[in-house]
Structures are given as C-alpha cells and as structure tokens.
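Novice: First the structure, then my questions, so here it is.
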Amino acid sequence: MANQSKYEYVTFLLAVCGLLLARRHLLLAGLISVLAIEVQPIGIMAPIYLVAYECGRMIQARRCHLEFDRVVKMVLGGVLGLAVYFILHPHILALVAAFPNPAEWGKEGSIHFLYGYFFETRLYRHLPELAVFGSCLLVHIWRRDYMQWPFPIIASLATLFIGSFIAHRNPFYTPFWYFPSFLLVFLTIGAHWRAIAVPVLVLVLFVPQYAVAYIEGHNTRDRAN
C-alpha cells in the first residue's frame with residue numbers, strides 16, 4: 001500500500017477514517033463510510049466496519065440493544081453520503097438496469113479475492129500468513145479473547161463473507177481483510193509476548209515473499225546472461 005497508488009487503497013483509507021470517526025463524530029463516520037463505496041465496490045466494507053464496531057461495543061457492555069442516538073447519527077450520515085453519490089452519478093440506476101448480463105458479474109477471476117491472494121501467487125508464498133491467522137483464530141475463539149474486543153473477529157469474518165458476493169475478485173482488496181485479521185492476531189498474542197511475537201510474525205509473513213522475489217530476480221539475470 002505504501003509503494004503503489006491505487007483506488008483500492010484510497011477506499012481503504014476512507015474506511016479506516018470512518019471507523020476512527022465513529023468514536024465521536026458519528027455523522028461524519030456515516031458520510032465517509034458511504035462515500036467509500038463510490039470509489040470501489042469493496043468500499044461496502046466501510047459501513048460494515050461501523051456495524052462491527054457498534055456490535056463490538058454492545059457485546060463489551062453486555063447490552064442487547066443498540067444506542068438509538070448513535071444509530072440515528074450514522075444513518076443520517078449515510079443518507080448524506082448517498083445523496084452525494086447520486087449527485088456524482090445521476091444516471092447510475094439506469095446504467096445498472098441496462099447492464100447486458102448481470103449473471104456474468106460473478107464470473108470474473110477467482111471465487112474470492114482472498115483465493116487469488118493466497119492460492120494463485122507463485123510458490124504460494126502467502127500461505128504462511130493464512131496459517132498464522134488460522135492458528136490465532138482457533139486460539140482466539142477457544143480462550144474467548146473476543147470478549148475483550150469483539151471488533152476484529154466480527155470485521156474479519158464479515159470481510160470473508162462479503163467477499164463471496166463481490167463480483168470483481170481483486171487481490172488488491174486484501175487489506176480490507178488483513179486489517180481486522182491482524183488486529184485479531186495481535187489481540188490473541190499475550191501482552192507479555194508481543195515484543196517477541198511481532199518481529200517473529202514479520203519474519204514469517206514477509207521473508208517468504210522477499211525470498212521468492214530474490215530467486216525470481218536471480219533467475220532472470222541468469223537467463224539474461
């Protein structure tokens with residue numbers, strides 16, 4: 001994300017900004033979250049992040065109902081966001097209705113944007129990341145760590161679920177899953193082990209990728225010579 005300028009990453013920035021604003025400025029949070037959808041389809045995760053955040057607050061407080069005033073402010077912000085969207089795209093409904101074959105939307109690329117990231121890369125170099133997340137998820141559920149902060153597991157599983165319905169299987173959507181999933185991993189690791197575990201995780205997650213890049217670059221130079 002730091003090396004490439006892509007629309008997906010602008011969407012991710014808006015989603016995280018909306019989540020940060022959810023603590024004090026709910027109207028703006030709803031507005032920015034809906035505007036994230038205008039940039040890329042994966043922007044739908046921005047309002048879902050807000051829902052996950054509110055559900056997490058409800059679980060932590062052991063309440064069975066949402067705070068009505070907070071919900072109203074976020075909905076109003078979302079309505080404003082929709083108004084801006086339709087001002088920018090006044091003919092969007094006509095274009096959607098005129099799309100030649102909506103049944104083909106889901107046939108682009110792989111079955112899920114995460115499938116392409118984990119299983120269609122050379123030498124499966126991202127699989128160690130999936131193994132780390134899967135292990136931490138099992139421990140997280142077994143120890144009921146989600147009761148400390150439910151947002152990561154709700155948002156991570158929601159991204160996994162919603163990704164199945166997004167027609168464009170773009171592997172650059174992966175940060176939307178990575179963000180809550182890494183929070184889950186970090187939450188699962190005990191506080192006393194984080195100083196050691198975080199550098200180890202960095203090695204596990206990134207060394208395979210740089211090793212593959214080094215080997216490919218080395219082989220390319222050998223063929224050129």
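Labeling convention for the structure tokens: chains A, B, ... as they appear, residues from 1 per chain, ligands from 1 in order of appearance.
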List the neighbours of Arg144 (chain A) out to 12 Å using only C-alpha atoms; skip same-chain residues closer than 5 positions along the sequence, and give me the result as an mmCIF file with N, CA and C atoms, in the first residue's frame.

Specialist:
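Ended up saving to out.cif:
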```cif
data_model
loop_
_atom_site.group_PDB
_atom_site.id
_atom_site.type_symbol
_atom_site.label_atom_id
_atom_site.label_comp_id
_atom_site.auth_asym_id
_atom_site.auth_seq_id
_atom_site.Cartn_x
_atom_site.Cartn_y
_atom_site.Cartn_z
ATOM 1 N N CYS A 136 -4.227 -18.493 15.125
ATOM 2 C CA CYS A 136 -4.638 -17.491 16.109
ATOM 3 C C CYS A 136 -6.162 -17.424 16.233
ATOM 4 N N LEU A 137 -6.867 -17.651 15.130
ATOM 5 C CA LEU A 137 -8.327 -17.635 15.193
ATOM 6 C C LEU A 137 -8.847 -18.741 16.100
ATOM 7 N N LEU A 138 -8.273 -19.949 15.994
ATOM 8 C CA LEU A 138 -8.694 -21.059 16.848
ATOM 9 C C LEU A 138 -8.423 -20.746 18.322
ATOM 10 N N VAL A 139 -7.233 -20.226 18.602
ATOM 11 C CA VAL A 139 -6.898 -19.872 19.989
ATOM 12 C C VAL A 139 -7.796 -18.736 20.480
ATOM 13 N N TRP A 149 -12.353 -7.497 23.034
ATOM 14 C CA TRP A 149 -12.570 -6.538 21.945
ATOM 15 C C TRP A 149 -13.144 -7.300 20.757
ATOM 16 N N PRO A 150 -14.458 -7.328 20.594
ATOM 17 C CA PRO A 150 -15.087 -8.168 19.563
ATOM 18 C C PRO A 150 -14.907 -7.671 18.135
ATOM 19 N N ILE A 153 -12.730 -9.891 15.238
ATOM 20 C CA ILE A 153 -13.265 -11.143 14.709
ATOM 21 C C ILE A 153 -14.545 -10.895 13.905
ATOM 22 N N LEU A 184 -6.828 -9.152 15.173
ATOM 23 C CA LEU A 184 -7.181 -10.384 15.879
ATOM 24 C C LEU A 184 -5.923 -11.135 16.316
ATOM 25 N N LEU A 187 -4.334 -9.273 19.161
ATOM 26 C CA LEU A 187 -5.101 -9.408 20.391
ATOM 27 C C LEU A 187 -4.911 -10.787 21.006
ATOM 28 N N THR A 188 -4.745 -11.798 20.162
ATOM 29 C CA THR A 188 -4.595 -13.164 20.656
ATOM 30 C C THR A 188 -3.251 -13.372 21.333
#
```

Novice: Can you tell me, as a VMD selection string, which residues in region 1-121 of chain A count as alpha helix (DSSP H) by DSSP?

Specialist: chain A and resid 7 to 21 26 to 39 45 to 60 68 to 88 92 to 97 113 to 119

Novice: Please provide as a tab-separated table (two decimals) with N, CA and C atoms, in the first residue's frame all residues within 7 Å of region 169-177 of chain A, with the sequence filter that same-chain residues fewer than 4 positions apart are discarded (counting only C-alpha atoms).

Specialist:
```
chain	number	residue	atom	x	y	z
A	8	GLU	N	-8.08	1.22	-4.74
A	8	GLU	CA	-8.45	0.35	-3.64
A	8	GLU	C	-7.93	0.90	-2.31
A	12	PHE	N	-9.68	2.09	1.16
A	12	PHE	CA	-9.28	1.59	2.48
A	12	PHE	C	-9.05	2.75	3.45
A	42	ILE	N	-15.50	-2.67	-3.03
A	42	ILE	CA	-15.09	-3.16	-1.71
A	42	ILE	C	-15.35	-2.11	-0.64
A	108	GLU	N	-15.87	-13.21	-12.95
A	108	GLU	CA	-14.58	-12.58	-13.25
A	108	GLU	C	-13.54	-13.06	-12.25
A	109	GLY	N	-12.49	-13.68	-12.73
A	109	GLY	CA	-11.40	-14.07	-11.86
A	109	GLY	C	-11.75	-15.28	-11.01
A	110	SER	N	-11.18	-15.36	-9.81
A	110	SER	CA	-11.33	-16.50	-8.92
A	110	SER	C	-12.63	-16.40	-8.12
A	112	HIS	N	-13.00	-15.84	-4.93
A	112	HIS	CA	-12.94	-14.88	-3.82
A	112	HIS	C	-11.65	-14.11	-3.96
A	113	PHE	N	-11.64	-12.84	-3.59
A	113	PHE	CA	-10.41	-12.06	-3.78
A	113	PHE	C	-9.28	-12.60	-2.91
A	114	LEU	N	-9.59	-13.25	-1.80
A	114	LEU	CA	-8.54	-13.84	-0.96
A	114	LEU	C	-7.98	-15.12	-1.57
A	116	GLY	N	-7.33	-15.62	-4.71
A	116	GLY	CA	-6.26	-15.22	-5.61
A	116	GLY	C	-5.00	-14.82	-4.87
A	117	TYR	N	-5.17	-14.19	-3.72
A	117	TYR	CA	-4.02	-13.73	-2.93
A	117	TYR	C	-3.25	-14.90	-2.34
A	156	SER	N	-13.36	-9.27	10.55
A	156	SER	CA	-12.60	-10.22	9.73
A	156	SER	C	-13.52	-11.24	9.06
A	159	THR	N	-15.72	-9.58	6.39
A	159	THR	CA	-15.00	-9.35	5.13
A	159	THR	C	-14.89	-10.64	4.34
A	160	LEU	N	-14.62	-11.73	5.05
A	160	LEU	CA	-14.54	-13.04	4.39
A	160	LEU	C	-15.87	-13.40	3.74
A	181	SER	N	-7.97	-8.76	10.63
A	181	SER	CA	-7.37	-10.06	10.93
A	181	SER	C	-6.06	-9.91	11.68
```

Novice: Which is closer to Arg122 (chain A) than all the others in A:Leu80, A:Val39, A:Ile215, A:Leu28, using only C-alpha atoms?

Specialist: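 Among A:Leu80, A:Val39, A:Ile215, A:Leu28, it is A:Ile215 that comes nearest to Arg122 (chain A).
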
Novice: Check the smallest atom-to-atom distance from each of A:Met45, A:Ile141, A:Cys17, A:Val207 to Gly163 (chain A) using only C-alpha atoms, then report the winner.

Specialist: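 Selected residue with least distance to Gly163 (chain A): A:Met45.
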
Novice: Hey, which of A:Tyr124, A:Phe118, A:Tyr85, A:Tyr53 ends up closest to Pro152 (chain A)? Count only C-alpha atoms.

Specialist: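 Of the candidates, the smallest distance to Pro152 (chain A) is held by A:Tyr53.
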
Novice: Using only C-alpha atoms, can you tell me which of A:Lys73, A:Arg125, A:His91, A:Arg143 comes closest to Leu26 (chain A)?

Specialist: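 Result for the nearest residue to Leu26 (chain A): A:Lys73.
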
Novice: Return the single residue from A:Leu130, A:Ala211, A:Ala167, A:Ala46 that is closest to Val10 (chain A), with distances computed using only C-alpha atoms.

Specialist: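 Closest to Val10 (chain A) of all the choices is A:Ala46.
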
Novice: One decimal, in Å: what's the spacing between CA of Ile111 (chain A) and CA of Phe165 (chain A)?

Specialist: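 Going from CA of Ile111 (chain A) over to CA of Phe165 (chain A), I get 9.4 Å.
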
Novice: For Gly18 (chain A), please output as a ChimeraX atom specification all residues within 8 Å (counting only C-alpha atoms; exclusion window: fewer than 2 positions along the same chain).

Specialist: /A:14-16,20-22,28-33,46,50

Novice: Could those residues be written to a file, using N, CA, C and O atoms, as a PDB file, in the first residue's frame?

Specialist:
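Below you can see selection-v5.pdb, which holds the result:
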```
ATOM      1  N   LEU A  14     -10.503   5.697   3.394  1.00  0.00           N
ATOM      2  CA  LEU A  14     -11.807   6.228   3.777  1.00  0.00           C
ATOM      3  C   LEU A  14     -12.491   5.314   4.798  1.00  0.00           C
ATOM      4  O   LEU A  14     -13.115   5.791   5.745  1.00  0.00           O
ATOM      5  N   ALA A  15     -12.363   4.009   4.607  1.00  0.00           N
ATOM      6  CA  ALA A  15     -12.989   3.059   5.537  1.00  0.00           C
ATOM      7  C   ALA A  15     -12.409   3.195   6.940  1.00  0.00           C
ATOM      8  O   ALA A  15     -13.145   3.216   7.937  1.00  0.00           O
ATOM      9  N   VAL A  16     -11.091   3.310   7.019  1.00  0.00           N
ATOM     10  CA  VAL A  16     -10.449   3.437   8.337  1.00  0.00           C
ATOM     11  C   VAL A  16     -10.760   4.796   8.956  1.00  0.00           C
ATOM     12  O   VAL A  16     -10.979   4.898  10.172  1.00  0.00           O
ATOM     13  N   LEU A  20     -12.443   5.481  12.603  1.00  0.00           N
ATOM     14  CA  LEU A  20     -11.863   6.344  13.647  1.00  0.00           C
ATOM     15  C   LEU A  20     -12.850   7.424  14.086  1.00  0.00           C
ATOM     16  O   LEU A  20     -12.933   7.766  15.268  1.00  0.00           O
ATOM     17  N   LEU A  21     -13.610   7.951  13.125  1.00  0.00           N
ATOM     18  CA  LEU A  21     -14.584   8.997  13.457  1.00  0.00           C
ATOM     19  C   LEU A  21     -15.765   8.452  14.254  1.00  0.00           C
ATOM     20  O   LEU A  21     -16.517   9.227  14.857  1.00  0.00           O
ATOM     21  N   ALA A  22     -15.955   7.128  14.237  1.00  0.00           N
ATOM     22  CA  ALA A  22     -17.114   6.526  14.906  1.00  0.00           C
ATOM     23  C   ALA A  22     -17.086   6.719  16.417  1.00  0.00           C
ATOM     24  O   ALA A  22     -18.116   6.561  17.077  1.00  0.00           O
ATOM     25  N   LEU A  28     -20.229  12.226  10.534  1.00  0.00           N
ATOM     26  CA  LEU A  28     -19.139  12.187   9.555  1.00  0.00           C
ATOM     27  C   LEU A  28     -18.719  10.756   9.255  1.00  0.00           C
ATOM     28  O   LEU A  28     -18.364  10.426   8.121  1.00  0.00           O
ATOM     29  N   ALA A  29     -18.760   9.900  10.265  1.00  0.00           N
ATOM     30  CA  ALA A  29     -18.393   8.498  10.065  1.00  0.00           C
ATOM     31  C   ALA A  29     -19.322   7.844   9.049  1.00  0.00           C
ATOM     32  O   ALA A  29     -18.875   7.146   8.129  1.00  0.00           O
ATOM     33  N   GLY A  30     -20.640   8.070   9.204  1.00  0.00           N
ATOM     34  CA  GLY A  30     -21.588   7.515   8.244  1.00  0.00           C
ATOM     35  C   GLY A  30     -21.401   8.081   6.851  1.00  0.00           C
ATOM     36  O   GLY A  30     -21.471   7.348   5.855  1.00  0.00           O
ATOM     37  N   LEU A  31     -21.141   9.391   6.767  1.00  0.00           N
ATOM     38  CA  LEU A  31     -20.949  10.049   5.474  1.00  0.00           C
ATOM     39  C   LEU A  31     -19.737   9.480   4.740  1.00  0.00           C
ATOM     40  O   LEU A  31     -19.823   9.070   3.567  1.00  0.00           O
ATOM     41  N   ILE A  32     -18.598   9.440   5.403  1.00  0.00           N
ATOM     42  CA  ILE A  32     -17.355   8.989   4.765  1.00  0.00           C
ATOM     43  C   ILE A  32     -17.428   7.505   4.412  1.00  0.00           C
ATOM     44  O   ILE A  32     -16.936   7.066   3.370  1.00  0.00           O
ATOM     45  N   SER A  33     -18.070   6.718   5.271  1.00  0.00           N
ATOM     46  CA  SER A  33     -18.168   5.282   5.014  1.00  0.00           C
ATOM     47  C   SER A  33     -18.971   4.994   3.747  1.00  0.00           C
ATOM     48  O   SER A  33     -18.606   4.121   2.952  1.00  0.00           O
ATOM     49  N   ALA A  46     -16.690  -0.419   4.461  1.00  0.00           N
ATOM     50  CA  ALA A  46     -16.614   0.739   5.353  1.00  0.00           C
ATOM     51  C   ALA A  46     -17.834   0.819   6.273  1.00  0.00           C
ATOM     52  O   ALA A  46     -17.680   0.887   7.508  1.00  0.00           O
ATOM     53  N   LEU A  50     -18.351  -0.113  10.522  1.00  0.00           N
ATOM     54  CA  LEU A  50     -19.085   0.648  11.535  1.00  0.00           C
ATOM     55  C   LEU A  50     -20.077  -0.247  12.280  1.00  0.00           C
ATOM     56  O   LEU A  50     -20.212  -0.156  13.502  1.00  0.00           O
TER      57      LEU A  50
END
```
